[in-house]
Amino acid sequence: MLQRQDEIRSIPAAVVRVAYDDPSLLGAKLLRDLPLPFPLLLDASRQTYANWGPGRTNLFGAMLSPSLNWHYLRLLLRGERFPGFAPDMFQLGGDFVIDPAGRIAFVHRMRNNGAGQPWDDL
Amino acid sequence: MADFNTDWGIGNPAPELSLPDSEGRAFSLADLRGKPLLVSFLSHAA
């Protein structure tokens, strides 16, 4: 995600991202010294996740999928540290485009935790 | 092509979203009404 900041900035819409990690873990994973090109919101209770419904996965999708392990291998090959375990390894992510009137215009739900986010299509 | 689920909630009002940001400031979806918006939920692997 942080490697694609220019693409995120080029999206012709406001962008907010929602995370559920403990703030200290999230800081270690994301914030570092880098400026984020979007507000990063914290949903520690995951109630907003539940309301919006990006969904949950099973053991395979959470930890055993080839795409997820390839994702972690690439991080390690780039010299990054393992980001640590999240409070809920089964929680999936997703993307929602909201039109100016506040209606849902587009939805993408991750199939597993290794699935990339579709910046090119967005 | 990404796997878009185009029949899920399309055209419906977005659910409320009111959360603190990473610096503790309150954020509400209503703050950005009138602009297109991308709301992206992170997974643990983000």
# chains A, B, ... in the order shown; residues from 1 in each chain; ligands from 1

$ select_by_dssp --residues "segment 2-40 of chain B" --states "strand (DSSP E)" --output "list in words"
Ser18, Leu19, Pro20, Ala26, Phe27, Ser28, Leu37, Leu38, Val39 and Ser40 of chain B

$ residues_around --residues "segment 9-19 of chain B" --least-positions-apart "6" --cutoff "8 Å" --atoms "only C-alpha atoms" --output "PDB file with C-alpha atoms, in the first residue's frame"
ATOM      1  CA  LEU A  41      -9.361   5.465  10.686  1.00  0.00           C
ATOM      2  CA  LEU A  42      -9.260   3.004  13.561  1.00  0.00           C
ATOM      3  CA  ASP A  43     -12.109   0.548  14.169  1.00  0.00           C
ATOM      4  CA  THR A  48     -17.835  -0.624  11.406  1.00  0.00           C
ATOM      5  CA  ASN A  51     -21.799  -2.876   9.427  1.00  0.00           C
ATOM      6  CA  TRP A  52     -20.090  -2.504   6.051  1.00  0.00           C
ATOM      7  CA  ILE A  98     -19.417   6.064  -2.521  1.00  0.00           C
ATOM      8  CA  GLY A 102     -23.767   9.015  -0.350  1.00  0.00           C
ATOM      9  CA  ARG A 103     -24.853   5.878  -2.227  1.00  0.00           C
ATOM     10  CA  ILE A 104     -22.698   2.787  -2.768  1.00  0.00           C
ATOM     11  CA  ALA A 105     -21.488   2.837  -6.370  1.00  0.00           C
ATOM     12  CA  PHE A 106     -18.908   0.057  -6.418  1.00  0.00           C
ATOM     13  CA  VAL A 107     -17.868  -2.808  -4.142  1.00  0.00           C
TER      14      VAL A 107
ATOM     15  CA  ALA B  26     -13.206  12.295  14.907  1.00  0.00           C
ATOM     16  CA  PHE B  27     -14.114  11.492  11.309  1.00  0.00           C
ATOM     17  CA  SER B  28     -17.578  11.073   9.832  1.00  0.00           C
ATOM     18  CA  LEU B  29     -18.725  10.125   6.360  1.00  0.00           C
TER      19      LEU B  29
END
